[in-house]
file final-v8.json (JSON, C-alpha atoms and all ligand atoms)
[["chain", "number", "residue", "atom", "x", "y", "z"],
["A", 1, "MET", "CA", -22.92, 35.57, 12.02],
["A", 2, "LYS", "CA", -25.56, 38.19, 12.67],
["A", 3, "LEU", "CA", -24.59, 41.74, 11.66],
["A", 4, "ILE", "CA", -26.55, 44.96, 11.31],
["A", 5, "ILE", "CA", -25.77, 48.15, 9.44],
["A", 6, "ILE", "CA", -27.15, 51.24, 11.17],
["A", 7, "ASN", "CA", -27.18, 54.47, 9.20],
["A", 8, "GLY", "CA", -27.85, 57.87, 10.69],
["A", 9, "PRO", "CA", -29.33, 61.12, 9.41],
["A", 10, "ASN", "CA", -29.46, 62.05, 5.73],
["A", 11, "LEU", "CA", -28.01, 58.72, 4.62],
["A", 12, "ASN", "CA", -31.46, 57.83, 3.26],
["A", 13, "LEU", "CA", -30.61, 60.37, 0.54],
["A", 14, "LEU", "CA", -27.48, 58.56, -0.70],
["A", 15, "GLY", "CA", -27.36, 58.71, -4.48],
["A", 16, "LYS", "CA", -29.12, 62.10, -4.51],
["A", 17, "ARG", "CA", -27.19, 63.87, -1.77],
["A", 18, "GLU", "CA", -23.90, 65.66, -2.67],
["A", 19, "PRO", "CA", -22.86, 62.94, -5.15],
["A", 20, "THR", "CA", -19.33, 64.35, -5.50],
["A", 21, "ILE", "CA", -18.77, 63.44, -1.83],
["A", 22, "TYR", "CA", -21.08, 60.46, -1.30],
["A", 23, "GLY", "CA", -21.36, 58.93, -4.79],
["A", 24, "ASP", "CA", -24.39, 58.31, -6.99],
["A", 25, "SER", "CA", -25.55, 54.92, -5.75],
["A", 26, "SER", "CA", -28.46, 54.58, -3.35],
["A", 27, "PHE", "CA", -27.75, 52.68, -0.14],
["A", 28, "GLU", "CA", -30.52, 50.20, -0.93],
["A", 29, "SER", "CA", -28.83, 49.05, -4.15],
["A", 30, "TYR", "CA", -25.43, 48.84, -2.43],
["A", 31, "TYR", "CA", -27.04, 46.84, 0.38],
["A", 32, "GLU", "CA", -28.53, 44.32, -2.08],
["A", 33, "ASN", "CA", -25.02, 43.90, -3.51],
["A", 34, "LEU", "CA", -23.54, 43.38, -0.03],
["A", 35, "LYS", "CA", -26.11, 40.70, 0.76],
["A", 36, "SER", "CA", -25.20, 38.81, -2.42],
["A", 37, "ILE", "CA", -21.45, 39.02, -1.63],
["A", 38, "TYR", "CA", -21.91, 37.68, 1.92],
["A", 39, "PRO", "CA", -24.69, 35.07, 1.78],
["A", 40, "GLN", "CA", -23.23, 33.46, 4.92],
["A", 41, "VAL", "CA", -23.93, 36.63, 6.94],
["A", 42, "GLU", "CA", -27.35, 37.26, 8.41],
["A", 43, "LEU", "CA", -27.31, 40.92, 7.51],
["A", 44, "SER", "CA", -29.91, 43.53, 8.35],
["A", 45, "TYR", "CA", -30.20, 47.26, 7.83],
["A", 46, "PHE", "CA", -31.72, 50.15, 9.77],
["A", 47, "GLN", "CA", -31.70, 53.86, 8.97],
["A", 48, "SER", "CA", -33.06, 56.74, 11.00],
["A", 49, "ASN", "CA", -32.80, 60.51, 11.00],
["A", 50, "ILE", "CA", -33.67, 60.54, 14.70],
["A", 51, "GLU", "CA", -30.98, 60.23, 17.38],
["A", 52, "GLY", "CA", -33.23, 58.43, 19.93],
["A", 53, "GLU", "CA", -34.28, 55.82, 17.35],
["A", 54, "ILE", "CA", -30.63, 55.02, 16.66],
["A", 55, "ILE", "CA", -30.04, 54.62, 20.40],
["A", 56, "ASN", "CA", -33.12, 52.38, 20.75],
["A", 57, "LYS", "CA", -31.87, 50.20, 17.90],
["A", 58, "LEU", "CA", -28.39, 49.94, 19.51],
["A", 59, "HIS", "CA", -30.08, 48.79, 22.75],
["A", 60, "GLU", "CA", -32.29, 46.32, 20.88],
["A", 61, "VAL", "CA", -29.49, 44.57, 18.95],
["A", 62, "GLY", "CA", -26.57, 45.30, 21.27],
["A", 63, "PHE", "CA", -26.88, 42.19, 23.47],
["A", 64, "GLU", "CA", -27.75, 39.76, 20.70],
["A", 65, "TYR", "CA", -25.97, 40.50, 17.43],
["A", 66, "ASP", "CA", -22.35, 39.62, 16.63],
["A", 67, "GLY", "CA", -21.50, 43.02, 15.22],
["A", 68, "ILE", "CA", -22.80, 46.48, 14.39],
["A", 69, "VAL", "CA", -21.59, 48.58, 11.47],
["A", 70, "LEU", "CA", -22.50, 52.13, 12.41],
["A", 71, "ASN", "CA", -22.44, 55.26, 10.27],
["A", 72, "ALA", "CA", -23.96, 57.76, 12.69],
["A", 73, "ALA", "CA", -23.40, 60.49, 10.06],
["A", 74, "ALA", "CA", -23.51, 63.99, 11.62],
["A", 75, "TYR", "CA", -24.38, 62.54, 15.06],
["A", 76, "THR", "CA", -20.85, 61.09, 15.10],
["A", 77, "HIS", "CA", -19.57, 64.59, 15.77],
["A", 78, "THR", "CA", -22.22, 65.68, 18.28],
["A", 79, "SER", "CA", -23.82, 62.77, 20.13],
["A", 80, "VAL", "CA", -22.57, 62.00, 23.63],
["A", 81, "ALA", "CA", -25.69, 59.82, 23.95],
["A", 82, "ILE", "CA", -24.80, 57.53, 21.02],
["A", 83, "GLY", "CA", -21.23, 57.28, 22.38],
["A", 84, "ASP", "CA", -22.66, 56.26, 25.78],
["A", 85, "ALA", "CA", -25.01, 53.72, 24.16],
["A", 86, "ILE", "CA", -22.06, 52.01, 22.47],
["A", 87, "LYS", "CA", -20.28, 51.87, 25.81],
["A", 88, "ALA", "CA", -23.40, 50.36, 27.41],
["A", 89, "ILE", "CA", -23.94, 47.47, 24.99],
["A", 90, "LYS", "CA", -22.03, 44.20, 24.52],
["A", 91, "THR", "CA", -21.96, 43.88, 20.71],
["A", 92, "PRO", "CA", -18.83, 45.38, 19.12],
["A", 93, "VAL", "CA", -19.36, 48.40, 16.89],
["A", 94, "VAL", "CA", -17.27, 49.35, 13.86],
["A", 95, "GLU", "CA", -17.63, 53.04, 13.00],
["A", 96, "VAL", "CA", -17.74, 53.75, 9.27],
["A", 97, "HIS", "CA", -17.83, 56.82, 7.08],
["A", 98, "ILE", "CA", -18.14, 57.06, 3.34],
["A", 99, "SER", "CA", -15.96, 60.16, 3.10],
["A", 100, "ASN", "CA", -12.59, 60.80, 4.71],
["A", 101, "THR", "CA", -13.90, 63.01, 7.50],
["A", 102, "HIS", "CA", -10.34, 64.02, 8.46],
["A", 103, "ALA", "CA", -9.88, 65.64, 5.04],
["A", 104, "ARG", "CA", -13.03, 67.74, 5.55],
["A", 105, "GLU", "CA", -14.16, 70.54, 7.89],
["A", 106, "GLU", "CA", -12.62, 70.66, 11.37],
["A", 107, "PHE", "CA", -15.94, 69.82, 13.10],
["A", 108, "ARG", "CA", -15.96, 66.44, 11.31],
["A", 109, "HIS", "CA", -12.60, 65.47, 12.85],
["A", 110, "LYS", "CA", -14.18, 64.80, 16.24],
["A", 111, "SER", "CA", -16.01, 61.52, 16.88],
["A", 112, "PHE", "CA", -17.93, 60.59, 20.03],
["A", 113, "ILE", "CA", -18.06, 57.03, 18.70],
["A", 114, "ALA", "CA", -14.44, 56.18, 17.85],
["A", 115, "LYS", "CA", -13.27, 55.85, 21.45],
["A", 116, "ASN", "CA", -15.90, 53.20, 22.19],
["A", 117, "ALA", "CA", -15.72, 51.42, 18.83],
["A", 118, "LYS", "CA", -13.79, 48.29, 17.95],
["A", 119, "GLY", "CA", -12.33, 50.18, 15.00],
["A", 120, "VAL", "CA", -12.98, 52.93, 12.48],
["A", 121, "ILE", "CA", -13.08, 52.65, 8.69],
["A", 122, "LEU", "CA", -13.48, 55.79, 6.63],
["A", 123, "GLY", "CA", -12.84, 57.32, 3.25],
["A", 124, "PHE", "CA", -13.41, 54.28, 1.01],
["A", 125, "GLY", "CA", -16.77, 55.36, -0.34],
["A", 126, "LEU", "CA", -19.57, 52.83, 0.14],
["A", 127, "ASP", "CA", -16.91, 50.11, 0.31],
["A", 128, "SER", "CA", -16.20, 51.33, 3.86],
["A", 129, "TYR", "CA", -19.25, 49.20, 4.78],
["A", 130, "LYS", "CA", -17.83, 46.16, 2.97],
["A", 131, "LEU", "CA", -14.49, 46.53, 4.76],
["A", 132, "ALA", "CA", -16.34, 46.78, 8.09],
["A", 133, "ILE", "CA", -18.23, 43.54, 7.38],
["A", 134, "GLN", "CA", -14.97, 41.86, 6.43],
["A", 135, "SER", "CA", -13.47, 42.97, 9.75],
["A", 136, "PHE", "CA", -16.11, 40.85, 11.54],
["A", 137, "LEU", "CA", -15.49, 37.72, 9.43],
["B", 1, "LIG", "C1", -20.51, 60.83, 6.93],
["B", 1, "LIG", "C2", -19.60, 61.99, 7.34],
["B", 1, "LIG", "C3", -20.32, 62.94, 8.28],
["B", 1, "LIG", "O1", -19.46, 64.01, 8.64],
["B", 1, "LIG", "C4", -21.55, 63.52, 7.60],
["B", 1, "LIG", "O2", -22.26, 64.33, 8.50],
["B", 1, "LIG", "C5", -22.42, 62.47, 7.01],
["B", 1, "LIG", "C6", -21.83, 61.32, 6.35],
["B", 1, "LIG", "C7", -19.84, 59.91, 5.90],
["B", 1, "LIG", "O3", -20.30, 58.78, 5.77],
["B", 1, "LIG", "O4", -18.91, 60.32, 5.21],
["B", 1, "LIG", "O5", -23.64, 62.62, 6.98],
["B", 1, "LIG", "O6", -20.77, 60.05, 8.09]]
call {"tool": "encode", "arguments": {"input": "final-v8.json", "output": "C-alpha cells"}}
result
Amino acid sequence: MKLIIINGPNLNLLGKREPTIYGDSSFESYYENLKSIYPQVELSYFQSNIEGEIINKLHEVGFEYDGIVLNAAAYTHTSVAIGDAIKAIKTPVVEVHISNTHAREEFRHKSFIAKNAKGVILGFGLDSYKLAIQSFL
C-alpha cells in the first residue's frame, strides 16, 4: 500500500507554531513515529507553502498511489484549484486537520476539499493523520 501525506502552508512550523492549538511536536518526529507503526505501508511525505506545488504533487501521485492524506491547511478554506485537482485525480484523498476547524473561526468551517474527499478527519491533534492512514488499511 502506497500512501502519501501532503501538508500545506505553515505546517512546516508544527511544534513552534501556536502550540496550544497544534501541539509541541514537529511533524518530522511524528512522521518517524508513523513510519514505525505502519512498516507495511510505503509512506511518503511532502510539504509546501505554495498552492501550485501542492497541485503539482496531487497530479504526480494521483494516478499511482493508493491513497493521499491531505492537510491543505489554510488553502482548505480558499482553494478552488486544490478542490478541482482532487476531482481530477483517481487516488482517493482523506482530508485531515489537526484542530477541530468547526470549533474555530467561521472562515475555517468552509472546505473546498471535503466535497471531493473520501472522508474528513479533524480535531484529533496529530493523530488525525494516524486515523486517516488507518482508514486506508
Ligand atoms: C489546519 C486548520 C486550518 O484552518 C489552518 O489554516 C491550518 C491548520 C489544522 O490542521 O488544524 O493551518 O489545517
call {"tool": "residues_near_point", "arguments": {"input": "final-v8.json", "point": "(-27.1, 57.3, -5.1)", "cutoff": "7 Å", "atoms": "all atoms listed in the file", "output": "JSON, numbers by chain"}}
result
{"A": [14, 15, 16, 23, 24, 25, 26, 27]}
call {"tool": "write_last_selection", "arguments": {"input": "final-v8.json", "atoms": "C-alpha atoms", "output": "PDB file, in the frame of the given file"}}
result
ATOM      1  CA  LEU A  14     -27.480  58.560  -0.700  1.00  0.00           C
ATOM      2  CA  GLY A  15     -27.360  58.710  -4.480  1.00  0.00           C
ATOM      3  CA  LYS A  16     -29.120  62.100  -4.510  1.00  0.00           C
ATOM      4  CA  GLY A  23     -21.360  58.930  -4.790  1.00  0.00           C
ATOM      5  CA  ASP A  24     -24.390  58.310  -6.990  1.00  0.00           C
ATOM      6  CA  SER A  25     -25.550  54.920  -5.750  1.00  0.00           C
ATOM      7  CA  SER A  26     -28.460  54.580  -3.350  1.00  0.00           C
ATOM      8  CA  PHE A  27     -27.750  52.680  -0.140  1.00  0.00           C
TER       9      PHE A  27
END
call {"tool": "residues_around", "arguments": {"input": "final-v8.json", "residues": "range 85-102 of chain A", "least_positions_apart": "6", "cutoff": "9 Å", "atoms": "all atoms listed in the file", "output": "PDB file with C-alpha atoms, in the frame of the given file"}}
result
ATOM      1  CA  ILE A  21     -18.770  63.440  -1.830  1.00  0.00           C
ATOM      2  CA  TYR A  22     -21.080  60.460  -1.300  1.00  0.00           C
ATOM      3  CA  GLY A  23     -21.360  58.930  -4.790  1.00  0.00           C
ATOM      4  CA  ILE A  55     -30.040  54.620  20.400  1.00  0.00           C
ATOM      5  CA  ASN A  56     -33.120  52.380  20.750  1.00  0.00           C
ATOM      6  CA  LEU A  58     -28.390  49.940  19.510  1.00  0.00           C
ATOM      7  CA  HIS A  59     -30.080  48.790  22.750  1.00  0.00           C
ATOM      8  CA  VAL A  61     -29.490  44.570  18.950  1.00  0.00           C
ATOM      9  CA  GLY A  62     -26.570  45.300  21.270  1.00  0.00           C
ATOM     10  CA  PHE A  63     -26.880  42.190  23.470  1.00  0.00           C
ATOM     11  CA  GLU A  64     -27.750  39.760  20.700  1.00  0.00           C
ATOM     12  CA  TYR A  65     -25.970  40.500  17.430  1.00  0.00           C
ATOM     13  CA  ASP A  66     -22.350  39.620  16.630  1.00  0.00           C
ATOM     14  CA  GLY A  67     -21.500  43.020  15.220  1.00  0.00           C
ATOM     15  CA  ILE A  68     -22.800  46.480  14.390  1.00  0.00           C
ATOM     16  CA  VAL A  69     -21.590  48.580  11.470  1.00  0.00           C
ATOM     17  CA  LEU A  70     -22.500  52.130  12.410  1.00  0.00           C
ATOM     18  CA  ASN A  71     -22.440  55.260  10.270  1.00  0.00           C
ATOM     19  CA  ALA A  72     -23.960  57.760  12.690  1.00  0.00           C
ATOM     20  CA  ALA A  73     -23.400  60.490  10.060  1.00  0.00           C
ATOM     21  CA  THR A  76     -20.850  61.090  15.100  1.00  0.00           C
ATOM     22  CA  ARG A 108     -15.960  66.440  11.310  1.00  0.00           C
ATOM     23  CA  HIS A 109     -12.600  65.470  12.850  1.00  0.00           C
ATOM     24  CA  LYS A 110     -14.180  64.800  16.240  1.00  0.00           C
ATOM     25  CA  ILE A 113     -18.060  57.030  18.700  1.00  0.00           C
ATOM     26  CA  ALA A 114     -14.440  56.180  17.850  1.00  0.00           C
ATOM     27  CA  ASN A 116     -15.900  53.200  22.190  1.00  0.00           C
ATOM     28  CA  ALA A 117     -15.720  51.420  18.830  1.00  0.00           C
ATOM     29  CA  LYS A 118     -13.790  48.290  17.950  1.00  0.00           C
ATOM     30  CA  GLY A 119     -12.330  50.180  15.000  1.00  0.00           C
ATOM     31  CA  VAL A 120     -12.980  52.930  12.480  1.00  0.00           C
ATOM     32  CA  ILE A 121     -13.080  52.650   8.690  1.00  0.00           C
ATOM     33  CA  LEU A 122     -13.480  55.790   6.630  1.00  0.00           C
ATOM     34  CA  GLY A 123     -12.840  57.320   3.250  1.00  0.00           C
ATOM     35  CA  PHE A 124     -13.410  54.280   1.010  1.00  0.00           C
ATOM     36  CA  GLY A 125     -16.770  55.360  -0.340  1.00  0.00           C
ATOM     37  CA  LEU A 126     -19.570  52.830   0.140  1.00  0.00           C
ATOM     38  CA  ASP A 127     -16.910  50.110   0.310  1.00  0.00           C
ATOM     39  CA  SER A 128     -16.200  51.330   3.860  1.00  0.00           C
ATOM     40  CA  TYR A 129     -19.250  49.200   4.780  1.00  0.00           C
ATOM     41  CA  ALA A 132     -16.340  46.780   8.090  1.00  0.00           C
ATOM     42  CA  ILE A 133     -18.230  43.540   7.380  1.00  0.00           C
ATOM     43  CA  SER A 135     -13.470  42.970   9.750  1.00  0.00           C
ATOM     44  CA  PHE A 136     -16.110  40.850  11.540  1.00  0.00           C
TER      45      PHE A 136
END
call {"tool": "closest_residue", "arguments": {"input": "final-v8.json", "among": "A:Ser36, A:Ser44, A:Thr78, A:Ser29", "to": "ligand LIG 1 (chain B)", "atoms": "only C-alpha atoms and all ligand atoms"}}
result
A:Thr78
call {"tool": "closest_residue", "arguments": {"input": "final-v8.json", "among": "A:Ala74, A:Ile6, A:Ala103, A:Leu137", "to": "Val41 in chain A", "atoms": "only C-alpha atoms"}}
result
A:Leu137
call {"tool": "closest_residue", "arguments": {"input": "final-v8.json", "among": "A:Leu13, A:Gly8, A:Lys130, A:Gln40", "to": "His77 in chain A", "atoms": "only C-alpha atoms"}}
result
A:Gly8
call {"tool": "closest_residue", "arguments": {"input": "final-v8.json", "among": "A:Lys35, A:Lys115, A:Lys2, A:Arg17", "to": "ligand LIG 1 (chain B)", "atoms": "all atoms listed in the file"}}
result
A:Arg17
call {"tool": "atom_distance", "arguments": {"input": "final-v8.json", "atom1": "CA of Glu106 in chain A", "atom2": "CA of Ala81 in chain A"}}
result
21.1 Å
call {"tool": "closest_residue", "arguments": {"input": "final-v8.json", "among": "A:Glu28, A:Glu105, A:Glu51, A:Glu60", "to": "ligand LIG 1 (chain B)", "atoms": "all atoms listed in the file"}}
result
A:Glu105
call {"tool": "closest_residue", "arguments": {"input": "final-v8.json", "among": "A:Leu43, A:Ile37, A:Leu11, A:Ile54", "to": "ligand LIG 1 (chain B)", "atoms": "all atoms listed in the file"}}
result
A:Leu11
call {"tool": "atom_distance", "arguments": {"input": "final-v8.json", "atom1": "atom C4 of ligand LIG 1 (chain B)", "atom2": "CA of Val80 in chain A"}}
result
16.1 Å
call {"tool": "atom_distance", "arguments": {"input": "final-v8.json", "atom1": "atom C7 of ligand LIG 1 (chain B)", "atom2": "CA of Asn12 in chain A"}}
result
12.1 Å
call {"tool": "decode", "arguments": {"input": "final-v8.json", "residues": "range 49-70 of chain A", "atoms": "N, CA, C and O atoms", "output": "mmCIF file, in the first residue's frame"}}
result
data_model
loop_
_atom_site.group_PDB
_atom_site.id
_atom_site.type_symbol
_atom_site.label_atom_id
_atom_site.label_comp_id
_atom_site.auth_asym_id
_atom_site.auth_seq_id
_atom_site.Cartn_x
_atom_site.Cartn_y
_atom_site.Cartn_z
ATOM 1 N N ASN A 49 4.470 25.338 1.055
ATOM 2 C CA ASN A 49 3.715 26.551 1.389
ATOM 3 C C ASN A 49 3.092 27.167 0.146
ATOM 4 O O ASN A 49 2.490 28.231 0.228
ATOM 5 N N ILE A 50 3.281 26.483 -1.000
ATOM 6 C CA ILE A 50 2.884 27.065 -2.285
ATOM 7 C C ILE A 50 1.752 26.245 -2.909
ATOM 8 O O ILE A 50 1.899 25.036 -3.150
ATOM 9 N N GLU A 51 0.650 26.901 -3.185
ATOM 10 C CA GLU A 51 -0.559 26.229 -3.688
ATOM 11 C C GLU A 51 -0.266 25.380 -4.941
ATOM 12 O O GLU A 51 -0.667 24.212 -5.028
ATOM 13 N N GLY A 52 0.434 25.979 -5.934
ATOM 14 C CA GLY A 52 0.713 25.280 -7.191
ATOM 15 C C GLY A 52 1.566 24.037 -6.985
ATOM 16 O O GLY A 52 1.413 23.035 -7.702
ATOM 17 N N GLU A 53 2.466 24.072 -6.020
ATOM 18 C CA GLU A 53 3.305 22.887 -5.749
ATOM 19 C C GLU A 53 2.468 21.750 -5.172
ATOM 20 O O GLU A 53 2.724 20.580 -5.449
ATOM 21 N N ILE A 54 1.474 22.115 -4.384
ATOM 22 C CA ILE A 54 0.573 21.085 -3.813
ATOM 23 C C ILE A 54 -0.234 20.460 -4.953
ATOM 24 O O ILE A 54 -0.388 19.237 -5.031
ATOM 25 N N ILE A 55 -0.701 21.295 -5.866
ATOM 26 C CA ILE A 55 -1.470 20.794 -7.024
ATOM 27 C C ILE A 55 -0.577 19.903 -7.895
ATOM 28 O O ILE A 55 -0.995 18.811 -8.293
ATOM 29 N N ASN A 56 0.652 20.332 -8.161
ATOM 30 C CA ASN A 56 1.572 19.501 -8.957
ATOM 31 C C ASN A 56 1.801 18.150 -8.305
ATOM 32 O O ASN A 56 1.842 17.121 -8.976
ATOM 33 N N LYS A 57 1.937 18.148 -6.978
ATOM 34 C CA LYS A 57 2.165 16.874 -6.271
ATOM 35 C C LYS A 57 0.917 15.994 -6.367
ATOM 36 O O LYS A 57 1.022 14.779 -6.594
ATOM 37 N N LEU A 58 -0.269 16.585 -6.250
ATOM 38 C CA LEU A 58 -1.515 15.794 -6.392
ATOM 39 C C LEU A 58 -1.573 15.152 -7.773
ATOM 40 O O LEU A 58 -1.923 13.976 -7.913
ATOM 41 N N HIS A 59 -1.188 15.907 -8.807
ATOM 42 C CA HIS A 59 -1.180 15.364 -10.179
ATOM 43 C C HIS A 59 -0.163 14.229 -10.310
ATOM 44 O O HIS A 59 -0.423 13.219 -10.956
ATOM 45 N N GLU A 60 0.993 14.431 -9.682
ATOM 46 C CA GLU A 60 2.096 13.458 -9.802
ATOM 47 C C GLU A 60 1.738 12.109 -9.169
ATOM 48 O O GLU A 60 2.008 11.065 -9.737
ATOM 49 N N VAL A 61 1.120 12.154 -7.983
ATOM 50 C CA VAL A 61 0.847 10.891 -7.261
ATOM 51 C C VAL A 61 -0.562 10.371 -7.520
ATOM 52 O O VAL A 61 -0.864 9.217 -7.230
ATOM 53 N N GLY A 62 -1.420 11.222 -8.060
ATOM 54 C CA GLY A 62 -2.866 10.964 -8.069
ATOM 55 C C GLY A 62 -3.374 9.919 -9.036
ATOM 56 O O GLY A 62 -4.589 9.668 -9.096
ATOM 57 N N PHE A 63 -2.443 9.310 -9.832
ATOM 58 C CA PHE A 63 -2.864 8.216 -10.715
ATOM 59 C C PHE A 63 -2.074 6.950 -10.386
ATOM 60 O O PHE A 63 -2.128 5.981 -11.121
ATOM 61 N N GLU A 64 -1.332 6.999 -9.295
ATOM 62 C CA GLU A 64 -0.393 5.922 -8.999
ATOM 63 C C GLU A 64 -0.513 5.412 -7.565
ATOM 64 O O GLU A 64 -0.448 4.218 -7.312
ATOM 65 N N TYR A 65 -0.683 6.325 -6.629
ATOM 66 C CA TYR A 65 -0.713 5.934 -5.215
ATOM 67 C C TYR A 65 -2.077 5.355 -4.838
ATOM 68 O O TYR A 65 -3.081 5.580 -5.516
ATOM 69 N N ASP A 66 -2.099 4.637 -3.698
ATOM 70 C CA ASP A 66 -3.357 4.051 -3.211
ATOM 71 C C ASP A 66 -4.159 5.044 -2.374
ATOM 72 O O ASP A 66 -5.373 4.874 -2.213
ATOM 73 N N GLY A 67 -3.497 6.022 -1.813
ATOM 74 C CA GLY A 67 -4.229 6.996 -1.003
ATOM 75 C C GLY A 67 -3.404 8.227 -0.705
ATOM 76 O O GLY A 67 -2.176 8.177 -0.658
ATOM 77 N N ILE A 68 -4.118 9.330 -0.505
ATOM 78 C CA ILE A 68 -3.482 10.611 -0.163
ATOM 79 C C ILE A 68 -4.129 11.129 1.116
ATOM 80 O O ILE A 68 -5.359 11.188 1.214
ATOM 81 N N VAL A 69 -3.279 11.462 2.081
ATOM 82 C CA VAL A 69 -3.741 12.101 3.318
ATOM 83 C C VAL A 69 -3.372 13.574 3.169
ATOM 84 O O VAL A 69 -2.193 13.919 3.118
ATOM 85 N N LEU A 70 -4.371 14.419 3.070
ATOM 86 C CA LEU A 70 -4.109 15.825 2.734
ATOM 87 C C LEU A 70 -4.565 16.774 3.836
ATOM 88 O O LEU A 70 -5.750 16.809 4.188
#
